[in-house]
file final_17.cif (mmCIF, C-alpha atoms and all ligand atoms)
data_entry
loop_
_atom_site.label_atom_id
_atom_site.label_comp_id
_atom_site.auth_asym_id
_atom_site.auth_seq_id
_atom_site.Cartn_x
_atom_site.Cartn_y
_atom_site.Cartn_z
CA MET F 1317 -12.14 -15.53 -5.67
CA THR F 1318 -11.82 -18.63 -3.52
CA ASP F 1319 -13.21 -19.47 -0.07
CA SER F 1320 -9.85 -18.50 1.42
CA THR F 1321 -10.38 -14.87 0.37
CA SER F 1322 -14.01 -14.36 1.47
CA PRO F 1323 -13.32 -13.48 5.15
CA ALA F 1324 -10.87 -10.81 3.93
CA LEU F 1325 -13.34 -9.47 1.36
CA ALA F 1326 -15.91 -8.96 4.12
CA TYR F 1327 -13.24 -7.33 6.28
CA LEU F 1328 -12.12 -5.05 3.42
CA GLU F 1329 -15.73 -3.96 2.90
CA HIS F 1330 -16.05 -3.21 6.61
CA CYS F 1331 -12.86 -1.12 6.46
CA ARG F 1332 -13.99 0.76 3.36
CA THR F 1333 -17.23 1.74 5.07
CA ARG F 1334 -15.33 2.83 8.17
CA ILE F 1335 -12.62 4.90 6.55
CA ASP F 1336 -14.10 6.28 3.31
CA HIS F 1337 -16.43 8.52 5.29
CA GLU F 1338 -13.44 9.88 7.26
CA LEU F 1339 -11.38 10.31 4.10
CA ALA F 1340 -14.21 12.26 2.46
CA GLN F 1341 -14.49 14.48 5.52
CA GLY F 1342 -10.73 15.07 5.64
CA ILE F 1343 -10.72 16.14 1.99
CA GLN F 1344 -13.90 18.19 2.44
CA GLN F 1345 -12.25 20.63 4.86
CA ALA F 1346 -12.14 24.12 3.43
CA SER F 1347 -9.83 24.29 0.44
CA VAL F 1348 -8.88 27.46 -1.41
CA SER F 1349 -9.34 25.65 -4.74
CA ASP F 1350 -12.43 23.61 -5.69
CA ARG F 1351 -10.53 22.06 -8.59
CA LEU F 1352 -7.71 20.85 -6.35
CA GLN F 1353 -10.19 19.45 -3.86
CA GLU F 1354 -12.06 17.66 -6.66
CA ALA F 1355 -8.81 16.12 -7.93
CA MET F 1356 -8.01 14.91 -4.41
CA ARG F 1357 -11.45 13.37 -4.02
CA TYR F 1358 -11.21 11.77 -7.48
CA SER F 1359 -7.85 10.21 -6.65
CA VAL F 1360 -8.80 8.80 -3.24
CA LEU F 1361 -12.46 7.87 -3.42
CA GLY F 1362 -12.69 6.44 -6.94
CA GLY F 1363 -12.02 2.80 -6.15
CA GLY F 1364 -9.11 0.85 -4.72
CA LYS F 1365 -9.07 -2.16 -2.44
CA ARG F 1366 -8.11 -0.42 0.84
CA ILE F 1367 -5.50 -3.08 1.68
CA ARG F 1368 -3.33 -0.72 3.76
CA PRO F 1369 -6.15 0.66 5.95
CA ALA F 1370 -7.45 -2.90 6.45
CA LEU F 1371 -3.99 -4.04 7.58
CA CYS F 1372 -3.83 -1.11 9.99
CA LEU F 1373 -7.25 -1.82 11.54
CA ALA F 1374 -6.49 -5.55 11.67
CA ALA F 1375 -3.16 -4.96 13.45
CA ALA F 1376 -4.88 -2.70 15.98
CA ARG F 1377 -7.33 -5.51 16.68
CA ALA F 1378 -4.51 -8.05 17.00
CA VAL F 1379 -2.96 -6.04 19.86
CA GLY F 1380 -6.30 -5.39 21.59
CA SER F 1381 -6.89 -1.73 20.62
CA LEU F 1382 -10.28 -0.24 19.87
CA GLU F 1383 -10.85 0.25 16.16
CA ASP F 1384 -11.60 3.96 16.66
CA ALA F 1385 -7.97 4.59 17.57
CA ALA F 1386 -6.79 3.17 14.24
CA VAL F 1387 -9.10 5.10 11.92
CA ALA F 1388 -6.89 8.21 11.55
CA PRO F 1389 -3.70 6.17 10.93
CA ALA F 1390 -5.61 3.97 8.46
CA CYS F 1391 -6.76 7.06 6.54
CA SER F 1392 -3.25 8.51 6.55
CA LEU F 1393 -1.89 5.32 4.95
CA GLU F 1394 -4.51 5.37 2.20
CA LEU F 1395 -3.76 9.04 1.51
CA ILE F 1396 -0.04 8.33 1.10
CA HIS F 1397 -0.89 5.38 -1.15
CA ALA F 1398 -3.25 7.52 -3.27
CA TYR F 1399 -0.63 10.27 -3.62
CA SER F 1400 1.97 7.71 -4.73
CA LEU F 1401 -0.36 6.36 -7.43
CA VAL F 1402 -1.18 9.86 -8.74
CA HIS F 1403 2.50 10.76 -9.01
CA ASP F 1404 3.50 7.33 -10.34
CA ASP F 1405 1.01 7.71 -13.20
CA LEU F 1406 2.43 11.07 -14.34
CA PRO F 1407 4.14 11.37 -17.75
CA ALA F 1408 7.52 11.85 -16.05
CA MET F 1409 7.09 8.54 -14.20
CA ASP F 1410 5.06 5.62 -15.60
CA ASP F 1411 2.96 7.74 -17.97
CA ASP F 1412 -0.25 5.79 -17.48
CA ASP F 1413 -3.65 6.84 -18.82
CA LEU F 1414 -5.78 4.49 -16.77
CA ARG F 1415 -5.95 3.71 -13.06
CA ARG F 1416 -8.67 1.67 -11.39
CA GLY F 1417 -10.52 1.52 -14.71
CA ARG F 1418 -10.77 5.32 -15.05
CA PRO F 1419 -8.60 8.06 -16.54
CA THR F 1420 -5.61 8.84 -14.32
CA ALA F 1421 -5.70 12.14 -12.41
CA HIS F 1422 -3.51 14.04 -14.87
CA ILE F 1423 -5.79 12.94 -17.74
CA ALA F 1424 -9.03 13.68 -15.90
CA PHE F 1425 -7.69 17.06 -14.72
CA ASP F 1426 -4.27 18.23 -15.94
CA GLU F 1427 -0.67 17.51 -15.05
CA ALA F 1428 -0.14 20.47 -12.73
CA THR F 1429 -3.36 19.76 -10.83
CA ALA F 1430 -2.39 16.08 -10.47
CA ILE F 1431 1.01 17.04 -9.03
CA LEU F 1432 -0.64 19.42 -6.58
CA ALA F 1433 -3.32 16.87 -5.63
CA GLY F 1434 -0.60 14.32 -4.86
CA ASP F 1435 1.31 16.86 -2.77
CA ALA F 1436 -1.87 17.86 -0.91
CA LEU F 1437 -2.84 14.22 -0.22
CA GLN F 1438 0.60 13.59 1.22
CA THR F 1439 0.46 16.54 3.60
CA LEU F 1440 -3.16 15.76 4.55
CA ALA F 1441 -1.96 12.31 5.68
CA PHE F 1442 0.34 13.91 8.25
CA THR F 1443 -2.30 16.46 9.29
CA LEU F 1444 -4.75 13.66 10.08
CA LEU F 1445 -2.14 11.94 12.23
CA ALA F 1446 -1.13 15.15 14.01
CA ASP F 1447 -4.81 15.86 14.83
CA ALA F 1448 -5.85 12.28 15.66
CA PRO F 1449 -8.17 12.66 18.65
CA GLN F 1450 -7.82 9.12 19.99
CA LEU F 1451 -4.02 9.13 20.24
CA SER F 1452 -1.58 10.51 22.79
CA ASP F 1453 1.09 13.01 21.79
CA THR F 1454 3.70 10.26 22.04
CA GLN F 1455 1.72 8.00 19.74
CA ARG F 1456 1.16 10.79 17.21
CA VAL F 1457 4.86 11.62 17.05
CA SER F 1458 5.88 7.95 16.72
CA MET F 1459 3.36 7.38 13.96
CA ILE F 1460 4.32 10.53 12.07
CA ALA F 1461 7.98 9.46 12.26
CA GLU F 1462 7.20 5.91 11.09
CA LEU F 1463 5.02 7.07 8.23
CA ALA F 1464 7.57 9.66 7.09
CA ARG F 1465 10.34 7.04 7.12
CA ALA F 1466 8.23 4.50 5.24
CA SER F 1467 7.03 6.90 2.58
CA GLY F 1468 10.11 9.09 2.04
CA HIS F 1469 13.62 8.57 0.72
CA GLN F 1470 14.29 5.71 3.15
CA GLY F 1471 11.16 3.91 1.96
CA MET F 1472 8.68 4.27 -0.88
CA VAL F 1473 10.23 7.28 -2.64
CA GLY F 1474 13.69 5.67 -2.34
CA GLY F 1475 12.28 2.45 -3.83
CA GLN F 1476 10.74 4.36 -6.70
CA ALA F 1477 14.14 5.98 -7.34
CA ILE F 1478 15.83 2.55 -7.43
CA ASP F 1479 13.09 1.39 -9.82
CA LEU F 1480 13.69 4.32 -12.18
CA GLU F 1481 17.46 3.83 -12.03
CA SER F 1482 17.16 0.11 -12.78
CA VAL F 1483 15.22 0.41 -16.04
CA GLY F 1484 17.06 -1.63 -18.67
CA LEU F 1485 19.42 -3.19 -16.07
CA ALA F 1486 19.49 -6.90 -15.28
CA LEU F 1487 18.67 -6.97 -11.56
CA ASN F 1488 19.23 -10.15 -9.59
CA ILE F 1489 16.62 -11.44 -7.13
CA GLU F 1490 18.27 -9.73 -4.12
CA GLN F 1491 18.31 -6.37 -5.92
CA LEU F 1492 14.70 -6.86 -7.03
CA GLU F 1493 13.60 -7.58 -3.48
CA THR F 1494 15.53 -4.60 -2.09
CA MET F 1495 13.66 -2.38 -4.54
CA HIS F 1496 10.26 -3.86 -3.65
CA ARG F 1497 10.93 -3.80 0.11
CA HIS F 1498 11.28 -0.04 -0.25
CA LYS F 1499 8.84 0.80 -3.01
CA THR F 1500 5.77 -1.11 -1.79
CA GLY F 1501 6.89 -3.11 1.25
CA ALA F 1502 7.74 -0.17 3.49
CA LEU F 1503 4.19 1.26 3.38
CA ILE F 1504 2.67 -2.17 3.96
CA GLU F 1505 4.93 -2.64 6.97
CA ALA F 1506 4.03 0.84 8.23
CA SER F 1507 0.33 -0.04 7.85
CA VAL F 1508 0.72 -2.90 10.30
CA ARG F 1509 3.07 -1.04 12.65
CA LEU F 1510 0.84 2.05 12.89
CA GLY F 1511 -2.08 -0.23 13.75
CA ALA F 1512 -0.01 -1.89 16.48
CA LEU F 1513 1.17 1.46 17.85
CA THR F 1514 -2.46 2.34 18.71
CA ALA F 1515 -1.94 0.13 21.79
CA PRO F 1516 0.02 2.41 24.15
CA GLY F 1517 1.88 -0.46 25.80
CA VAL F 1518 2.44 -2.68 22.78
CA SER F 1519 5.40 -4.97 23.50
CA GLU F 1520 8.58 -5.00 21.40
CA GLN F 1521 7.95 -8.71 20.90
CA HIS F 1522 4.53 -8.11 19.33
CA LEU F 1523 5.80 -5.19 17.25
CA SER F 1524 8.65 -7.27 15.93
CA ALA F 1525 6.37 -10.24 15.11
CA LEU F 1526 3.98 -7.91 13.29
CA SER F 1527 6.84 -6.33 11.36
CA ASP F 1528 7.98 -9.80 10.27
CA TYR F 1529 4.42 -10.61 9.17
CA ALA F 1530 4.21 -7.40 7.16
CA SER F 1531 7.66 -7.61 5.67
CA ALA F 1532 6.94 -11.06 4.15
CA LEU F 1533 3.46 -9.94 3.12
CA GLY F 1534 4.84 -6.84 1.35
CA LEU F 1535 6.98 -9.03 -0.90
CA ALA F 1536 4.13 -11.51 -1.40
CA PHE F 1537 1.96 -8.58 -2.54
CA GLN F 1538 4.52 -7.78 -5.23
CA VAL F 1539 4.96 -11.40 -6.39
CA GLN F 1540 1.19 -11.67 -6.82
CA ASP F 1541 1.17 -8.30 -8.63
CA ASP F 1542 3.76 -9.64 -11.08
CA LEU F 1543 1.77 -12.85 -11.58
CA LEU F 1544 -1.41 -10.84 -12.22
CA ASP F 1545 0.50 -8.75 -14.76
CA ILE F 1546 1.34 -11.91 -16.68
CA GLU F 1547 -2.28 -13.00 -16.71
CA GLY F 1548 -3.16 -9.52 -17.98
CA ASP F 1549 -0.37 -9.17 -20.51
CA THR F 1550 0.71 -12.75 -21.27
CA GLU F 1551 4.24 -11.35 -21.37
CA ILE F 1552 6.95 -12.10 -18.84
CA ILE F 1553 8.55 -8.69 -19.04
CA GLY F 1554 6.19 -5.83 -19.52
CA LYS F 1555 3.85 -3.40 -17.89
CA ARG F 1556 0.13 -2.75 -17.84
CA GLN F 1557 -0.42 0.58 -19.55
CA GLY F 1558 1.69 2.54 -22.00
CA SER F 1559 3.82 -0.55 -22.67
CA ASP F 1560 7.24 0.39 -23.96
CA ALA F 1561 10.07 -2.07 -24.50
CA ALA F 1562 12.64 0.50 -23.31
CA LYS F 1563 10.86 0.63 -19.95
CA ALA F 1564 10.75 -3.16 -19.45
CA LYS F 1565 11.20 -3.92 -15.77
CA PRO F 1566 12.45 -7.05 -14.05
CA THR F 1567 9.78 -9.19 -12.38
CA TYR F 1568 9.66 -12.30 -10.19
CA PRO F 1569 8.47 -14.56 -13.04
CA ALA F 1570 11.19 -13.18 -15.31
CA LEU F 1571 13.87 -14.00 -12.73
CA LEU F 1572 12.46 -17.17 -11.17
CA GLY F 1573 10.15 -18.53 -13.87
CA LEU F 1574 6.39 -18.97 -13.31
CA ASP F 1575 6.75 -21.99 -11.04
CA GLY F 1576 9.58 -20.35 -9.12
CA ALA F 1577 7.52 -17.20 -8.57
CA ARG F 1578 4.56 -19.27 -7.35
CA GLU F 1579 6.87 -21.15 -4.99
CA ARG F 1580 8.26 -17.89 -3.64
CA LEU F 1581 4.69 -16.67 -3.11
CA GLY F 1582 3.81 -19.79 -1.10
CA ALA F 1583 6.96 -19.49 1.03
CA LEU F 1584 6.28 -15.81 1.76
CA LEU F 1585 2.68 -16.57 2.76
CA GLN F 1586 3.87 -19.25 5.15
CA GLN F 1587 6.55 -16.97 6.59
CA SER F 1588 4.03 -14.18 7.04
CA LYS F 1589 1.46 -16.32 8.85
CA GLN F 1590 4.11 -18.04 10.99
CA ALA F 1591 5.13 -14.66 12.37
CA LEU F 1592 1.64 -14.43 13.90
CA ASP F 1593 1.98 -17.71 15.82
CA GLY F 1594 2.37 -15.91 19.15
CA LEU F 1595 -0.80 -13.90 18.61
CA GLY F 1596 -4.21 -15.38 19.28
CA GLU F 1597 -7.64 -15.35 17.67
CA GLU F 1598 -7.61 -11.55 17.58
CA ALA F 1599 -5.09 -11.81 14.73
CA ALA F 1600 -7.62 -13.67 12.53
CA PRO F 1601 -8.22 -10.63 10.24
CA LEU F 1602 -4.44 -10.34 9.67
CA ARG F 1603 -4.32 -14.03 8.70
CA ALA F 1604 -7.30 -13.54 6.37
CA MET F 1605 -5.59 -10.51 4.78
CA ALA F 1606 -2.48 -12.61 4.09
CA ASP F 1607 -4.60 -15.21 2.27
CA TYR F 1608 -6.29 -12.45 0.32
CA VAL F 1609 -3.08 -10.72 -0.76
CA VAL F 1610 -1.70 -13.90 -2.35
CA SER F 1611 -4.98 -14.97 -4.02
CA ARG F 1612 -6.48 -11.64 -5.09
CA ASN F 1613 -7.40 -11.37 -8.76
CA HIS F 1614 -6.77 -7.61 -9.15
C1 LIG F 1701 5.73 8.26 -7.22
C2 LIG F 1701 6.44 8.81 -4.87
C3 LIG F 1701 6.06 7.83 -5.85
C4 LIG F 1701 6.02 6.54 -5.48
C5 LIG F 1701 5.47 5.51 -6.33
C6 LIG F 1701 4.10 2.56 -4.83
C7 LIG F 1701 4.62 3.30 -5.99
C8 LIG F 1701 5.76 4.16 -5.77
C9 LIG F 1701 4.04 3.23 -7.20
C10 LIG F 1701 2.87 2.44 -7.50
C11 LIG F 1701 3.02 1.81 -8.84
C12 LIG F 1701 2.55 0.44 -8.84
C13 LIG F 1701 1.34 0.17 -9.66
C14 LIG F 1701 3.18 -0.49 -8.12
C15 LIG F 1701 2.77 -1.87 -8.07
C16 LIG F 1701 2.25 -2.23 -6.73
C17 LIG F 1701 1.14 -1.35 -6.30
C18 LIG F 1701 1.46 -0.34 -5.27
C19 LIG F 1701 -0.07 -1.53 -6.81
C20 LIG F 1701 -1.26 -0.76 -6.39
O1 LIG F 1701 -1.63 -1.07 -5.09
P1 LIG F 1701 -3.06 -1.70 -4.76
O2 LIG F 1701 -3.22 -2.96 -5.53
O3 LIG F 1701 -3.98 -0.55 -5.40
O4 LIG F 1701 -3.26 -1.77 -3.30
P2 LIG F 1701 -5.50 -0.15 -5.12
O5 LIG F 1701 -5.95 0.48 -6.42
O6 LIG F 1701 -6.29 -1.36 -4.76
O7 LIG F 1701 -5.49 0.85 -4.02
#
call {"tool": "encode", "arguments": {"input": "final_17.cif", "output": "structure tokens"}}
result
Amino acid sequence: MTDSTSPALAYLEHCRTRIDHELAQGIQQASVSDRLQEAMRYSVLGGGKRIRPALCLAAARAVGSLEDAAVAPACSLELIHAYSLVHDDLPAMDDDDLRRGRPTAHIAFDEATAILAGDALQTLAFTLLADAPQLSDTQRVSMIAELARASGHQGMVGGQAIDLESVGLALNIEQLETMHRHKTGALIEASVRLGALTAPGVSEQHLSALSDYASALGLAFQVQDDLLDIEGDTEIIGKRQGSDAAKAKPTYPALLGLDGARERLGALLQQSKQALDGLGEEAAPLRAMADYVVSRNH
């Protein structure tokens, strides 16, 4: 890690401390099945960088909200993210055995329990938002609507469907970016927007600038993910676990070449940070997160 990532690493650690306690409490609430609850805990609290909660807390700070107001939305974003990883790892999807250096949920438990844990994490996300003590009814409804849009068929789930349908097809760069904007970008954008919505009177101008920041950052996240895959695999087309030629997916380096992908990453970082020009020093954690996303090593 370079000097440019250290402010973000400190911020990510701060966010982890702040939200992991809340996540554990949310999962702890009486469950009719100990095994299901254990699978939920395993899938959420066993590692992960907490990029989405950090973006949510950082956006709240950028618009002058108290951090307390952003804790429930930040947890809801991490829960949706965790559910998506559990389901993505299933045999019917990516069929991965390892996640965050440990057996995936369906290996550690069983397939049916992993499906249920993912379902339960998803609904818990919306419960936390509906019950968020620091937010008004209007804010809760707006956030629930935004999160549902970003994670459902208009967002992440839709992107995953495009991804599955495109296996073996030669996507062009526009089609690749459309897929990523939905599959991973929508939740990253929602992370920033939910943070901004903690300020009751947030202006359309600020919301739009923050959406532009997040939209460029969501793509940058994916370019860096593809570049990290190459370092891990030394293959331009491939995937991390359960590699299977028939499942080869298009990537930025495959379409643009290594230099082209790095150039695209630089342009997206610049675009992302430029969107914050109208925001002051309070947006420093968002700027640090942008640097981190493009230089992270895992
Ligand atoms: C199955 C409904 C459903 C959706 C799946 C987002 C997604 C759609 C699948 C994730 C698969 C994947 C590995 C995509 C690459 C980008 C990505 C989301 C990586 C993991 O995110 P990080 O790096 O993970 O933030 P950590 O472990 O740090 O939380």
call {"tool": "residues_around", "arguments": {"input": "final_17.cif", "residues": "range 1583-1597 of chain F", "least_positions_apart": "5", "cutoff": "12 Å", "atoms": "all atoms listed in the file", "output": "JSON, numbers by chain"}}
result
{"F": [1374, 1375, 1377, 1378, 1379, 1380, 1505, 1519, 1521, 1522, 1523, 1524, 1525, 1526, 1527, 1528, 1529, 1530, 1531, 1532, 1533, 1534, 1535, 1536, 1537, 1538, 1539, 1540, 1576, 1577, 1578, 1602, 1603, 1604, 1605, 1606, 1607, 1608, 1609, 1610, 1611]}
call {"tool": "residues_near_ligand", "arguments": {"input": "final_17.cif", "ligand": "ligand LIG 1701 (chain F)", "cutoff": "8 Å", "atoms": "only C-alpha atoms and all ligand atoms", "output": "PyMOL selection string"}}
result
chain F and resi 1363-1368+1394+1397-1405+1409+1415-1416+1467-1468+1472-1473+1475-1476+1499-1500+1537-1538+1541+1614
call {"tool": "axis_aligned_box", "arguments": {"input": "final_17.cif", "around": "range 1561-1580 of chain F", "padding_each_side": "4 Å", "output": "lines of an AutoDock Vina configuration file"}}
result
center_x = 9.2
center_y = -10.7
center_z = -14.1
size_x = 17.3
size_y = 30.6
size_z = 28.9
call {"tool": "atom_distance", "arguments": {"input": "final_17.cif", "atom1": "CA of Pro1601 in chain F", "atom2": "CA of Gln1341 in chain F"}}
result
26.3 Å
call {"tool": "closest_residue", "arguments": {"input": "final_17.cif", "among": "F:Leu1440, F:Glu1338, F:Gly1474, F:Leu1543", "to": "Asp1575 in chain F", "atoms": "only C-alpha atoms"}}
result
F:Leu1543
call {"tool": "atom_distance", "arguments": {"input": "final_17.cif", "atom1": "CA of Leu1492 in chain F", "atom2": "CA of Leu1463 in chain F"}}
result
22.8 Å
call {"tool": "atom_distance", "arguments": {"input": "final_17.cif", "atom1": "CA of Asp1447 in chain F", "atom2": "CA of Val1360 in chain F"}}
result
19.8 Å
call {"tool": "closest_residue", "arguments": {"input": "final_17.cif", "among": "F:Ala1512, F:Leu1571, F:Ala1446, F:Ala1388", "to": "Asp1542 in chain F", "atoms": "only C-alpha atoms"}}
result
F:Leu1571
call {"tool": "residues_around", "arguments": {"input": "final_17.cif", "residues": "Pro1369 in chain F", "least_positions_apart": "2", "cutoff": "12 Å", "atoms": "all atoms listed in the file", "output": "ChimeraX atom specification"}}
result
/F:1327-1336,1338-1339,1364-1367,1371-1376,1383,1386-1398,1503-1511,1602,1605
call {"tool": "write_last_selection", "arguments": {"input": "final_17.cif", "atoms": "C-alpha atoms", "output": "compact mmCIF listing (two decimals), in the coordinates of the input"}}
result
# COMPACT_ATOMS: atom_id res chain seq x y z
CA TYR F 1327 -13.24 -7.33 6.28
CA LEU F 1328 -12.12 -5.05 3.42
CA GLU F 1329 -15.73 -3.96 2.90
CA HIS F 1330 -16.05 -3.21 6.61
CA CYS F 1331 -12.86 -1.12 6.46
CA ARG F 1332 -13.99 0.76 3.36
CA THR F 1333 -17.23 1.74 5.07
CA ARG F 1334 -15.33 2.83 8.17
CA ILE F 1335 -12.62 4.90 6.55
CA ASP F 1336 -14.10 6.28 3.31
CA GLU F 1338 -13.44 9.88 7.26
CA LEU F 1339 -11.38 10.31 4.10
CA GLY F 1364 -9.11 0.85 -4.72
CA LYS F 1365 -9.07 -2.16 -2.44
CA ARG F 1366 -8.11 -0.42 0.84
CA ILE F 1367 -5.50 -3.08 1.68
CA LEU F 1371 -3.99 -4.04 7.58
CA CYS F 1372 -3.83 -1.11 9.99
CA LEU F 1373 -7.25 -1.82 11.54
CA ALA F 1374 -6.49 -5.55 11.67
CA ALA F 1375 -3.16 -4.96 13.45
CA ALA F 1376 -4.88 -2.70 15.98
CA GLU F 1383 -10.85 0.25 16.16
CA ALA F 1386 -6.79 3.17 14.24
CA VAL F 1387 -9.10 5.10 11.92
CA ALA F 1388 -6.89 8.21 11.55
CA PRO F 1389 -3.70 6.17 10.93
CA ALA F 1390 -5.61 3.97 8.46
CA CYS F 1391 -6.76 7.06 6.54
CA SER F 1392 -3.25 8.51 6.55
CA LEU F 1393 -1.89 5.32 4.95
CA GLU F 1394 -4.51 5.37 2.20
CA LEU F 1395 -3.76 9.04 1.51
CA ILE F 1396 -0.04 8.33 1.10
CA HIS F 1397 -0.89 5.38 -1.15
CA ALA F 1398 -3.25 7.52 -3.27
CA LEU F 1503 4.19 1.26 3.38
CA ILE F 1504 2.67 -2.17 3.96
CA GLU F 1505 4.93 -2.64 6.97
CA ALA F 1506 4.03 0.84 8.23
CA SER F 1507 0.33 -0.04 7.85
CA VAL F 1508 0.72 -2.90 10.30
CA ARG F 1509 3.07 -1.04 12.65
CA LEU F 1510 0.84 2.05 12.89
CA GLY F 1511 -2.08 -0.23 13.75
CA LEU F 1602 -4.44 -10.34 9.67
CA MET F 1605 -5.59 -10.51 4.78
call {"tool": "decode", "arguments": {"input": "final_17.cif", "residues": "range 1414-1460 of chain F", "atoms": "C-alpha atoms", "output": "PDB file, in the first residue's frame"}}
result
ATOM      1  CA  LEU F1414     -13.265 -19.680  -1.109  1.00  0.00           C
ATOM      2  CA  ARG F1415     -14.229 -16.147  -0.127  1.00  0.00           C
ATOM      3  CA  ARG F1416     -12.097 -13.806   1.953  1.00  0.00           C
ATOM      4  CA  GLY F1417      -9.603 -16.633   2.476  1.00  0.00           C
ATOM      5  CA  ARG F1418     -12.180 -18.960   4.069  1.00  0.00           C
ATOM      6  CA  PRO F1419     -14.653 -21.560   2.797  1.00  0.00           C
ATOM      7  CA  THR F1420     -17.690 -19.935   1.190  1.00  0.00           C
ATOM      8  CA  ALA F1421     -20.961 -20.083   3.136  1.00  0.00           C
ATOM      9  CA  HIS F1422     -22.381 -23.055   1.230  1.00  0.00           C
ATOM     10  CA  ILE F1423     -19.170 -25.018   1.893  1.00  0.00           C
ATOM     11  CA  ALA F1424     -18.937 -24.049   5.566  1.00  0.00           C
ATOM     12  CA  PHE F1425     -22.654 -24.776   6.086  1.00  0.00           C
ATOM     13  CA  ASP F1426     -24.679 -26.234   3.199  1.00  0.00           C
ATOM     14  CA  GLU F1427     -26.305 -24.887   0.063  1.00  0.00           C
ATOM     15  CA  ALA F1428     -29.809 -24.482   1.463  1.00  0.00           C
ATOM     16  CA  THR F1429     -28.525 -22.687   4.571  1.00  0.00           C
ATOM     17  CA  ALA F1430     -26.408 -20.359   2.404  1.00  0.00           C
ATOM     18  CA  ILE F1431     -29.438 -19.463   0.263  1.00  0.00           C
ATOM     19  CA  LEU F1432     -31.491 -18.759   3.379  1.00  0.00           C
ATOM     20  CA  ALA F1433     -28.672 -16.759   5.003  1.00  0.00           C
ATOM     21  CA  GLY F1434     -28.441 -14.588   1.885  1.00  0.00           C
ATOM     22  CA  ASP F1435     -32.207 -14.068   1.863  1.00  0.00           C
ATOM     23  CA  ALA F1436     -32.209 -13.217   5.574  1.00  0.00           C
ATOM     24  CA  LEU F1437     -29.312 -10.749   5.211  1.00  0.00           C
ATOM     25  CA  GLN F1438     -31.166  -9.002   2.426  1.00  0.00           C
ATOM     26  CA  THR F1439     -34.358  -8.573   4.432  1.00  0.00           C
ATOM     27  CA  LEU F1440     -32.404  -7.565   7.552  1.00  0.00           C
ATOM     28  CA  ALA F1441     -30.912  -4.700   5.517  1.00  0.00           C
ATOM     29  CA  PHE F1442     -34.377  -3.257   4.933  1.00  0.00           C
ATOM     30  CA  THR F1443     -35.446  -3.895   8.535  1.00  0.00           C
ATOM     31  CA  LEU F1444     -32.483  -1.869   9.815  1.00  0.00           C
ATOM     32  CA  LEU F1445     -33.432   1.015   7.536  1.00  0.00           C
ATOM     33  CA  ALA F1446     -37.117   0.858   8.461  1.00  0.00           C
ATOM     34  CA  ASP F1447     -36.200   0.952  12.179  1.00  0.00           C
ATOM     35  CA  ALA F1448     -33.365   3.508  11.944  1.00  0.00           C
ATOM     36  CA  PRO F1449     -33.832   5.687  15.022  1.00  0.00           C
ATOM     37  CA  GLN F1450     -31.937   8.733  13.755  1.00  0.00           C
ATOM     38  CA  LEU F1451     -33.923   9.163  10.533  1.00  0.00           C
ATOM     39  CA  SER F1452     -37.286  10.717   9.735  1.00  0.00           C
ATOM     40  CA  ASP F1453     -40.039   8.685   8.088  1.00  0.00           C
ATOM     41  CA  THR F1454     -39.380  10.524   4.822  1.00  0.00           C
ATOM     42  CA  GLN F1455     -35.687   9.677   4.957  1.00  0.00           C
ATOM     43  CA  ARG F1456     -36.390   6.018   5.756  1.00  0.00           C
ATOM     44  CA  VAL F1457     -38.769   5.653   2.815  1.00  0.00           C
ATOM     45  CA  SER F1458     -36.370   7.400   0.400  1.00  0.00           C
ATOM     46  CA  MET F1459     -33.482   5.225   1.516  1.00  0.00           C
ATOM     47  CA  ILE F1460     -35.486   2.007   1.329  1.00  0.00           C
TER      48      ILE F1460
END
